[in-house]
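A short worksheet on the structure shown next.
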Amino acid sequence: MSLSHLMAQRRAKIESWRAIGCEPYAYAYDVTHHADALLAKGDAVTSEFGEVVRIAGRLMTKRGHGKAGFGTLLDKTGRIQAYFKSDVLGEQFARFELLDVGDWVGIEGPLFRTRTGEITVRADAIMLLAKSIRPLPEKWHGLTDPEVRFRQRYADLFVNLDVRETFRRRARLVSGIRRFLDDRGYLEVETPVLQPVYGGAFARPFVTQHNALDLQFYLRISNELYLKRLIMGGLERVYEFSRDFRNEGMDRTHNPEFTLLEYYQAFADIHQMMDVTQALVCDALMAACGSLKVPYQGRTLDFTPPWKQVSMLDAVSEKVGESVHDLDEAKLLKHCAKHHLHPRQGTGAGGALDELFSALVQPELQDAAFVIDFPVATSPLARVSRTNPAVVERFELFAAGFELANAFSEQNDADAQRHAFEAQAAAREKGDEEAQVLDEDYLRALEYGMPPTGGVGIGIDRLVMLATDSRTIRDVVLFPAMRPEEGRPVDDEADVPEDAAEEGAPRV
RNA sequence: GACCCGUUAGCUCAGUCGGUAGAGCACCUGACUUUUAAUCAGGGUGUCGCUGGUUCGAUCCCAGCACGGGUCACCA
């Protein structure tokens with residue numbers, strides 16, 4: 001049976017419903033209960049017919065038995081069975097017979113327990129809420145093709161119920177973080193997505209055009225510089241869940257748009273921000289998963305505080321068998337060559353160290369760990385360490401071998417910041433497309449004075465990946481970036497009624 | 001961006017050493033008043049991703065393209 005034929009059969013039923021006096025697209029339905037609450041009644045539900053309820057959802061299965069039948073309704077909380085009996089429904093039994101799997105339906109009737117023990121609603125009245133004219137994926141194997149699952153997340157969400165749990169966890173994690181920060185006196189703010197100068201991270205931007213201003217804008221790669229402007233304005237503690245956009249490759253841990261939580265706290269350095277971050281992440285994981293021992297891809301990640309601190313210089317020194325604390329470029333490049341690593345041209349000792357760290361140390365950071373002692377060259381917005389002028393006051397949080405957070409004692413010396421920007425500009429001249437852009441307005445703000453400030457960015461999508469045992473970022477983003485289905489029509493021609501096609505009606 | 005793999009019925013998948021294809025579920029008809037992957041009897045599934053090439057003949061071989069997956073590169 002071709003798709004167009006299957007859809008024609010379903011469309012034909014629209015008229016059948018009208019023929020028995022039912023409008024197949026309702027305006028409202030007064031729902032009294034959801035599936036989970038009814039199932040939770042447990043032993044209170046017996047074979048005696050009890051409380052009369054009204055439930056609504058999508059019909060997911062249908063089993064006819066002549067003058068009776070069963071169906072499963074799926075609502076936002078889960079599935080519950082309904083029982084349809086000719087004696088009870090009278091002329092409305094015809095409605096049951098007309099129902100297709102996929103239809104939205106409202107059922108009213110008493111709760112009872114069937115002979116086989118399943119809590120069930122007996123249908124005394126059936127209301128069609130919306131006719132489904134497209135056949136559903138198969139009930140047993142469901143929808144497994146990742147392309148279709150992501151393109152048609154709507155179908156994924158009603159076929160693969162574990163997907164719903166992933167996004168519920170995501171919501172719990174985000175609201176847990178929001179509560180945590182609100183309780184500590186942080187102000188939630190919103191800053192521009194469209195920025196005339198982009199900054200705060202190393203990345204290539206998306207570019208867009210403002211017609212009225214005849215100006216080129218960039219979609220933000222970070223909101224860091226705006227949040228710090230608010231610190232300069234005296235707000236002291238601010239945060240934003242920022243949708244950021246980076247025009248880079250896509251893989252298991254990168255989507256071109258992603259959610260970065262950034263929070264800034266005046267009068268704090270990275271040591272205090274480590275404490276805040278540890279507490280925040282633990283709180284969020286408890287809210288999302290209820291545990292700090294998080295199962296992820298076959299192992300258990302331990303987030304129990306206090307988290308280990310790993311010095312980048314110590315860890316790399318240990319791996320290569322000699323001290324690299326002097327950040328001697330030739331020595332670092334020698335070790336890179338030994339391990340067949342190729343740091344990017346012109347990134348110097350810092351780039352070589354980073355390369356060694358990524359290859360040799362990072363994969364071992366499975367349990368939560370703070371990495372510290374980053375070289376100065378790669379951190380233009382951070383302050384130099386009080387104890388070692390070769391490194392900056394910065395930490396990154398790692399777990400499951402990937403970066404979850406990045407934090408600095410923020411640079412608040414306006415002249416030093418200008419010099420760091422100028423060094424970036426020089427790198428840019430040399431062809432480093434990701435070097436940061438000098439932001440004069442940001443420097444003006446800094447010149448008014450910024451209090452000592454600690455700032456942290458947490459990759460929310462990645463944290464959700466851990467909290468939901470998801471292998472790829474696409475599993476925790478509802479509509480991950482994909483190429484359009486070019487050249488492949490959404491429907492074949494036969495799916496569109498002739499009259500609609502002739503009138504040139506839009507097909508979506 | 002590079003390499004490898006995939007694309008067959010609405011869904012999940014088999015298959016054709018080159019002769020235009022099958023299964024299960026779904027769907028349709030009938031039977032069945034407590035089933036739950038309901039059961040029983042019967043029925044039709046399709047531009048084999050697209051475009052070319054080779055061939056008497058291509059879903060199968062070859063090339064290009066599209067989309068997806070994986071690995072790498074990029075990505076702090």
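A note on labels: chains of the structure tokens are A, B, ... as shown, every chain counts residues from 1, and ligands are counted from 1 in their shown order.
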
Contact residues around region 108-115 of chain A with only C-alpha atoms (C1' of nucleotides) at 12 Å, ignoring same-chain residues under 5 positions, as number ranges by chain: A: 29-33, 35, 37-39, 41-57, 70, 80-85, 88-89, 120-128; B: 34-36

Selected residues, C-alpha atoms (C1' of nucleotides), written as a CSV table (one decimal), in the first residue's frame, please.
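The resulting file, out-v7.csv, is shown below:
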chain,number,residue,atom,x,y,z
A,29,TYR,CA,-11.8,18.8,25.2
A,30,ASP,CA,-12.2,19.0,29.0
A,31,VAL,CA,-9.5,16.6,30.3
A,32,THR,CA,-9.8,15.5,33.9
A,33,HIS,CA,-6.9,13.1,34.2
A,35,ALA,CA,-2.4,8.4,32.2
A,37,ALA,CA,-2.1,9.6,37.7
A,38,LEU,CA,-4.6,6.9,36.7
A,39,LEU,CA,-2.0,4.1,36.7
A,41,LYS,CA,-4.0,4.5,41.7
A,42,GLY,CA,-2.7,1.0,41.8
A,43,ASP,CA,-4.7,-1.4,44.0
A,44,ALA,CA,-7.5,1.1,44.4
A,45,VAL,CA,-8.6,0.2,40.9
A,46,THR,CA,-10.5,-3.1,40.8
A,47,SER,CA,-12.6,-5.0,38.3
A,48,GLU,CA,-15.5,-2.9,39.6
A,49,PHE,CA,-16.1,0.2,37.5
A,50,GLY,CA,-15.0,3.2,39.5
A,51,GLU,CA,-14.4,6.9,39.1
A,52,VAL,CA,-15.4,8.4,35.8
A,53,VAL,CA,-12.6,10.2,34.1
A,54,ARG,CA,-11.9,12.1,30.8
A,55,ILE,CA,-8.6,11.4,29.1
A,56,ALA,CA,-7.2,12.6,25.8
A,57,GLY,CA,-4.3,11.6,23.7
A,70,PHE,CA,-9.1,-2.2,23.0
A,80,ILE,CA,-3.2,4.0,29.2
A,81,GLN,CA,-5.6,1.4,27.8
A,82,ALA,CA,-9.2,2.1,26.9
A,83,TYR,CA,-11.9,-0.5,26.4
A,84,PHE,CA,-14.6,-0.1,23.9
A,85,LYS,CA,-17.7,-2.2,24.1
A,88,VAL,CA,-21.9,0.4,26.5
A,89,LEU,CA,-21.2,2.7,23.6
A,120,THR,CA,-8.2,0.6,31.8
A,121,VAL,CA,-10.7,3.3,31.0
A,122,ARG,CA,-14.0,1.9,29.7
A,123,ALA,CA,-15.2,4.2,27.0
A,124,ASP,CA,-18.7,5.4,27.6
A,125,ALA,CA,-18.2,8.3,25.2
A,126,ILE,CA,-15.7,8.8,22.4
A,127,MET,CA,-14.8,12.2,20.9
A,128,LEU,CA,-12.5,12.5,17.9
B,34,U,C1',-11.4,-8.7,28.6
B,35,U,C1',-7.2,-8.0,24.5
B,36,U,C1',-2.3,-6.2,25.0

Exercise answer, chain A residues close to chain B, 7 Å and only C-alpha atoms (C1' of nucleotides), as a ChimeraX atom specification: /A:1-3,6,63,65-68,70,85,114-115,135,137-138,140-143,147,202,248-249,485

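Among the residues of region 106-194 of chain A, backbone DSSP assigns strand (DSSP E or B) to A:Gly106, A:Ile107, A:Glu108, A:Gly109, A:Pro110, A:Leu111, A:Phe112, A:Arg113, A:Ile119, A:Thr120, A:Val121, A:Arg122, A:Ala125, A:Ile126, A:Met127, A:Leu128, A:Leu129, A:Ala130, A:Leu187, A:Glu188, A:Leu194.
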
Surrounding residues of region 231-237 of chain A excluding itself and chain neighbours under 2 positions, 7 Å, only C-alpha atoms (C1' of nucleotides), as number ranges by chain: A: 185-187, 227-229, 264-266, 445, 449-450

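The interatomic distance for the pair CA of Lys338 (chain A) and CA of Lys430 (chain A) works out to 27.4 Å.
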
Contacts of A21 (chain B) at 12 Å or less, counting only C-alpha atoms (C1' of nucleotides), minus same-chain residues fewer than 4 places along, as a compact mmCIF listing (two decimals) with C-alpha atoms (C1' of nucleotides), in the first residue's frame?
# COMPACT_ATOMS: atom_id res chain seq x y z
C1' U B 8 14.74 -1.22 -1.39
C1' A B 9 6.79 -0.91 0.66
C1' A B 14 15.97 -9.21 3.62
C1' G B 15 17.31 -9.98 -1.58
C1' U B 16 18.68 -10.10 -6.83
C1' U B 45 1.76 -2.99 -1.77
C1' G B 46 7.29 -0.25 -4.69
C1' C B 48 14.76 -0.36 -5.41
C1' U B 59 17.54 -1.94 -8.26
C1' C B 60 22.32 -4.85 -8.80

Near-region 53-58 of chain B list (9 Å; only C-alpha atoms (C1' of nucleotides); drop same-chain fewer than 6 positions) as a VMD selection string: chain B and resid 18 to 20

Expected file: the selected residues, all heavy atoms, as a PDB file, in the first residue's frame:
ATOM      1  P     G B  18      25.920  -9.856 -11.451  1.00  0.00           P
ATOM      2  OP1   G B  18      26.563 -10.780 -12.420  1.00  0.00           O
ATOM      3  OP2   G B  18      26.308  -8.419 -11.422  1.00  0.00           O
ATOM      4  O5'   G B  18      24.357  -9.922 -11.677  1.00  0.00           O
ATOM      5  C5'   G B  18      23.502  -9.009 -11.055  1.00  0.00           C
ATOM      6  C4'   G B  18      22.416  -8.592 -12.008  1.00  0.00           C
ATOM      7  O4'   G B  18      22.985  -7.703 -13.002  1.00  0.00           O
ATOM      8  C3'   G B  18      21.792  -9.754 -12.774  1.00  0.00           C
ATOM      9  O3'   G B  18      20.419  -9.458 -12.995  1.00  0.00           O
ATOM     10  C2'   G B  18      22.526  -9.723 -14.096  1.00  0.00           C
ATOM     11  O2'   G B  18      21.808 -10.303 -15.165  1.00  0.00           O
ATOM     12  C1'   G B  18      22.664  -8.205 -14.282  1.00  0.00           C
ATOM     13  N9    G B  18      23.684  -7.793 -15.231  1.00  0.00           N
ATOM     14  C8    G B  18      24.952  -8.267 -15.388  1.00  0.00           C
ATOM     15  N7    G B  18      25.596  -7.673 -16.360  1.00  0.00           N
ATOM     16  C5    G B  18      24.699  -6.760 -16.875  1.00  0.00           C
ATOM     17  C6    G B  18      24.826  -5.849 -17.946  1.00  0.00           C
ATOM     18  O6    G B  18      25.799  -5.645 -18.663  1.00  0.00           O
ATOM     19  N1    G B  18      23.662  -5.122 -18.130  1.00  0.00           N
ATOM     20  C2    G B  18      22.531  -5.255 -17.395  1.00  0.00           C
ATOM     21  N2    G B  18      21.505  -4.478 -17.723  1.00  0.00           N
ATOM     22  N3    G B  18      22.381  -6.106 -16.387  1.00  0.00           N
ATOM     23  C4    G B  18      23.510  -6.826 -16.199  1.00  0.00           C
ATOM     24  P     G B  19      19.269 -10.455 -12.627  1.00  0.00           P
ATOM     25  OP1   G B  19      18.690  -9.959 -11.365  1.00  0.00           O
ATOM     26  OP2   G B  19      19.759 -11.838 -12.728  1.00  0.00           O
ATOM     27  O5'   G B  19      18.212 -10.233 -13.796  1.00  0.00           O
ATOM     28  C5'   G B  19      17.431  -9.033 -13.843  1.00  0.00           C
ATOM     29  C4'   G B  19      16.319  -9.211 -14.844  1.00  0.00           C
ATOM     30  O4'   G B  19      16.892  -9.479 -16.152  1.00  0.00           O
ATOM     31  C3'   G B  19      15.378 -10.384 -14.571  1.00  0.00           C
ATOM     32  O3'   G B  19      14.134 -10.085 -15.173  1.00  0.00           O
ATOM     33  C2'   G B  19      16.042 -11.530 -15.326  1.00  0.00           C
ATOM     34  O2'   G B  19      15.166 -12.544 -15.693  1.00  0.00           O
ATOM     35  C1'   G B  19      16.562 -10.796 -16.568  1.00  0.00           C
ATOM     36  N9    G B  19      17.779 -11.353 -17.167  1.00  0.00           N
ATOM     37  C8    G B  19      18.669 -12.251 -16.661  1.00  0.00           C
ATOM     38  N7    G B  19      19.689 -12.475 -17.466  1.00  0.00           N
ATOM     39  C5    G B  19      19.429 -11.662 -18.578  1.00  0.00           C
ATOM     40  C6    G B  19      20.166 -11.458 -19.775  1.00  0.00           C
ATOM     41  O6    G B  19      21.238 -11.955 -20.105  1.00  0.00           O
ATOM     42  N1    G B  19      19.537 -10.571 -20.617  1.00  0.00           N
ATOM     43  C2    G B  19      18.360  -9.948 -20.346  1.00  0.00           C
ATOM     44  N2    G B  19      17.913  -9.128 -21.276  1.00  0.00           N
ATOM     45  N3    G B  19      17.657 -10.109 -19.220  1.00  0.00           N
ATOM     46  C4    G B  19      18.253 -10.987 -18.402  1.00  0.00           C
ATOM     47  P     U B  20      12.875  -9.731 -14.290  1.00  0.00           P
ATOM     48  OP1   U B  20      12.929 -10.525 -13.036  1.00  0.00           O
ATOM     49  OP2   U B  20      11.715  -9.856 -15.193  1.00  0.00           O
ATOM     50  O5'   U B  20      13.044  -8.187 -13.980  1.00  0.00           O
ATOM     51  C5'   U B  20      13.803  -7.716 -12.873  1.00  0.00           C
ATOM     52  C4'   U B  20      13.158  -6.505 -12.268  1.00  0.00           C
ATOM     53  O4'   U B  20      13.262  -5.390 -13.167  1.00  0.00           O
ATOM     54  C3'   U B  20      11.657  -6.629 -12.009  1.00  0.00           C
ATOM     55  O3'   U B  20      11.407  -7.346 -10.818  1.00  0.00           O
ATOM     56  C2'   U B  20      11.218  -5.168 -11.931  1.00  0.00           C
ATOM     57  O2'   U B  20      11.439  -4.648 -10.637  1.00  0.00           O
ATOM     58  C1'   U B  20      12.182  -4.489 -12.920  1.00  0.00           C
ATOM     59  N1    U B  20      11.536  -4.139 -14.201  1.00  0.00           N
ATOM     60  C2    U B  20      12.191  -3.216 -14.989  1.00  0.00           C
ATOM     61  O2    U B  20      13.262  -2.744 -14.686  1.00  0.00           O
ATOM     62  N3    U B  20      11.565  -2.912 -16.155  1.00  0.00           N
ATOM     63  C4    U B  20      10.356  -3.402 -16.611  1.00  0.00           C
ATOM     64  O4    U B  20       9.925  -3.021 -17.694  1.00  0.00           O
ATOM     65  C5    U B  20       9.723  -4.359 -15.712  1.00  0.00           C
ATOM     66  C6    U B  20      10.325  -4.681 -14.576  1.00  0.00           C
TER      67        U B  20
END

Shell around Asp251 (chain A) at 10 Å using only C-alpha atoms (C1' of nucleotides), local window under 5 positions removed, as a ChimeraX atom specification: /A:256,472-474 /B:75

Could you pull out the residues in region 387-436 of chain A that DSSP calls alpha helix (DSSP H) from the backbone, as a PDB file with N, CA and C atoms, in the first residue's frame?
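Result file follows (selection12.pdb):
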ATOM      1  N   ALA A 414      42.439  47.535  31.999  1.00  0.00           N
ATOM      2  CA  ALA A 414      42.035  47.978  30.665  1.00  0.00           C
ATOM      3  C   ALA A 414      43.213  48.005  29.690  1.00  0.00           C
ATOM      4  N   ASP A 415      44.358  48.476  30.155  1.00  0.00           N
ATOM      5  CA  ASP A 415      45.506  48.565  29.252  1.00  0.00           C
ATOM      6  C   ASP A 415      46.027  47.171  28.897  1.00  0.00           C
ATOM      7  N   ALA A 416      46.056  46.287  29.894  1.00  0.00           N
ATOM      8  CA  ALA A 416      46.496  44.920  29.616  1.00  0.00           C
ATOM      9  C   ALA A 416      45.539  44.250  28.635  1.00  0.00           C
ATOM     10  N   GLN A 417      44.237  44.542  28.802  1.00  0.00           N
ATOM     11  CA  GLN A 417      43.250  43.956  27.888  1.00  0.00           C
ATOM     12  C   GLN A 417      43.461  44.475  26.473  1.00  0.00           C
ATOM     13  N   ARG A 418      43.765  45.773  26.368  1.00  0.00           N
ATOM     14  CA  ARG A 418      44.014  46.333  25.039  1.00  0.00           C
ATOM     15  C   ARG A 418      45.209  45.639  24.388  1.00  0.00           C
ATOM     16  N   HIS A 419      46.263  45.425  25.170  1.00  0.00           N
ATOM     17  CA  HIS A 419      47.432  44.750  24.602  1.00  0.00           C
ATOM     18  C   HIS A 419      47.100  43.337  24.144  1.00  0.00           C
ATOM     19  N   ALA A 420      46.284  42.638  24.935  1.00  0.00           N
ATOM     20  CA  ALA A 420      45.909  41.263  24.561  1.00  0.00           C
ATOM     21  C   ALA A 420      45.090  41.266  23.272  1.00  0.00           C
ATOM     22  N   PHE A 421      44.175  42.236  23.157  1.00  0.00           N
ATOM     23  CA  PHE A 421      43.392  42.356  21.924  1.00  0.00           C
ATOM     24  C   PHE A 421      44.311  42.654  20.735  1.00  0.00           C
ATOM     25  N   GLU A 422      45.297  43.526  20.973  1.00  0.00           N
ATOM     26  CA  GLU A 422      46.191  43.879  19.870  1.00  0.00           C
ATOM     27  C   GLU A 422      47.005  42.669  19.421  1.00  0.00           C
ATOM     28  N   ALA A 423      47.388  41.822  20.392  1.00  0.00           N
ATOM     29  CA  ALA A 423      48.094  40.591  20.027  1.00  0.00           C
ATOM     30  C   ALA A 423      47.190  39.692  19.187  1.00  0.00           C
ATOM     31  N   GLN A 424      45.898  39.679  19.542  1.00  0.00           N
ATOM     32  CA  GLN A 424      44.935  38.897  18.755  1.00  0.00           C
ATOM     33  C   GLN A 424      44.824  39.467  17.345  1.00  0.00           C
ATOM     34  N   ALA A 425      44.778  40.801  17.285  1.00  0.00           N
ATOM     35  CA  ALA A 425      44.668  41.439  15.965  1.00  0.00           C
ATOM     36  C   ALA A 425      45.869  41.072  15.097  1.00  0.00           C
ATOM     37  N   ALA A 426      47.045  41.001  15.743  1.00  0.00           N
ATOM     38  CA  ALA A 426      48.243  40.627  14.990  1.00  0.00           C
ATOM     39  C   ALA A 426      48.131  39.196  14.476  1.00  0.00           C
ATOM     40  N   ALA A 427      47.601  38.314  15.322  1.00  0.00           N
ATOM     41  CA  ALA A 427      47.423  36.922  14.897  1.00  0.00           C
ATOM     42  C   ALA A 427      46.444  36.858  13.730  1.00  0.00           C
ATOM     43  N   ARG A 428      45.470  37.724  13.787  1.00  0.00           N
ATOM     44  CA  ARG A 428      44.467  37.778  12.733  1.00  0.00           C
ATOM     45  C   ARG A 428      45.102  38.205  11.411  1.00  0.00           C
ATOM     46  N   GLU A 429      45.973  39.207  11.524  1.00  0.00           N
ATOM     47  CA  GLU A 429      46.709  39.666  10.345  1.00  0.00           C
ATOM     48  C   GLU A 429      47.439  38.508   9.694  1.00  0.00           C
TER      49      GLU A 429
END

Tyr296 (chain A) environment, 10 Å, only C-alpha atoms (C1' of nucleotides), sequence neighbours closer than 2 positions dropped, as a PyMOL selection string: chain A and resi 293-294+298-301+366+400+465-471

Could you write out the selected residues, including N, CA and C atoms, as a PDB file, in the first residue's frame?
ATOM      1  N   LYS A 293      26.675   9.993  40.729  1.00  0.00           N
ATOM      2  CA  LYS A 293      27.354   8.921  39.998  1.00  0.00           C
ATOM      3  C   LYS A 293      26.542   8.706  38.724  1.00  0.00           C
ATOM      4  N   VAL A 294      27.077   9.217  37.627  1.00  0.00           N
ATOM      5  CA  VAL A 294      26.273   9.330  36.411  1.00  0.00           C
ATOM      6  C   VAL A 294      26.677   8.260  35.410  1.00  0.00           C
ATOM      7  N   GLY A 298      28.430   3.323  29.192  1.00  0.00           N
ATOM      8  CA  GLY A 298      29.057   2.115  29.696  1.00  0.00           C
ATOM      9  C   GLY A 298      29.982   2.307  30.884  1.00  0.00           C
ATOM     10  N   ARG A 299      30.251   3.566  31.270  1.00  0.00           N
ATOM     11  CA  ARG A 299      31.011   3.742  32.502  1.00  0.00           C
ATOM     12  C   ARG A 299      30.182   4.581  33.476  1.00  0.00           C
ATOM     13  N   THR A 300      30.757   4.748  34.655  1.00  0.00           N
ATOM     14  CA  THR A 300      30.104   5.614  35.623  1.00  0.00           C
ATOM     15  C   THR A 300      31.012   6.797  35.882  1.00  0.00           C
ATOM     16  N   LEU A 301      30.495   7.998  35.634  1.00  0.00           N
ATOM     17  CA  LEU A 301      31.258   9.210  35.881  1.00  0.00           C
ATOM     18  C   LEU A 301      30.951   9.673  37.300  1.00  0.00           C
ATOM     19  N   GLN A 366      37.761  11.277  32.899  1.00  0.00           N
ATOM     20  CA  GLN A 366      36.389  10.764  32.829  1.00  0.00           C
ATOM     21  C   GLN A 366      35.554  11.298  33.982  1.00  0.00           C
ATOM     22  N   ALA A 400      33.938  12.825  31.161  1.00  0.00           N
ATOM     23  CA  ALA A 400      33.732  11.946  30.010  1.00  0.00           C
ATOM     24  C   ALA A 400      34.707  12.278  28.883  1.00  0.00           C
ATOM     25  N   MET A 465      24.022  15.953  27.827  1.00  0.00           N
ATOM     26  CA  MET A 465      24.456  14.658  27.265  1.00  0.00           C
ATOM     27  C   MET A 465      24.848  13.703  28.388  1.00  0.00           C
ATOM     28  N   LEU A 466      25.627  14.208  29.333  1.00  0.00           N
ATOM     29  CA  LEU A 466      26.063  13.349  30.439  1.00  0.00           C
ATOM     30  C   LEU A 466      24.873  12.932  31.286  1.00  0.00           C
ATOM     31  N   ALA A 467      23.998  13.898  31.551  1.00  0.00           N
ATOM     32  CA  ALA A 467      22.879  13.623  32.450  1.00  0.00           C
ATOM     33  C   ALA A 467      21.881  12.651  31.834  1.00  0.00           C
ATOM     34  N   THR A 468      21.919  12.496  30.514  1.00  0.00           N
ATOM     35  CA  THR A 468      20.936  11.643  29.847  1.00  0.00           C
ATOM     36  C   THR A 468      21.594  10.466  29.131  1.00  0.00           C
ATOM     37  N   ASP A 469      22.878  10.269  29.367  1.00  0.00           N
ATOM     38  CA  ASP A 469      23.612   9.170  28.726  1.00  0.00           C
ATOM     39  C   ASP A 469      23.441   9.209  27.209  1.00  0.00           C
ATOM     40  N   SER A 470      23.543  10.406  26.640  1.00  0.00           N
ATOM     41  CA  SER A 470      23.366  10.567  25.197  1.00  0.00           C
ATOM     42  C   SER A 470      24.729  10.583  24.511  1.00  0.00           C
ATOM     43  N   ARG A 471      24.825   9.846  23.413  1.00  0.00           N
ATOM     44  CA  ARG A 471      26.109   9.733  22.737  1.00  0.00           C
ATOM     45  C   ARG A 471      26.441  10.981  21.931  1.00  0.00           C
TER      46      ARG A 471
END

Distance in Å - C1' of C5 (chain B) versus CA of His340 (chain A): 26.8 Å

d(CA of Arg483 (chain A), CA of Phe150 (chain A)) in Å: 11.2 Å
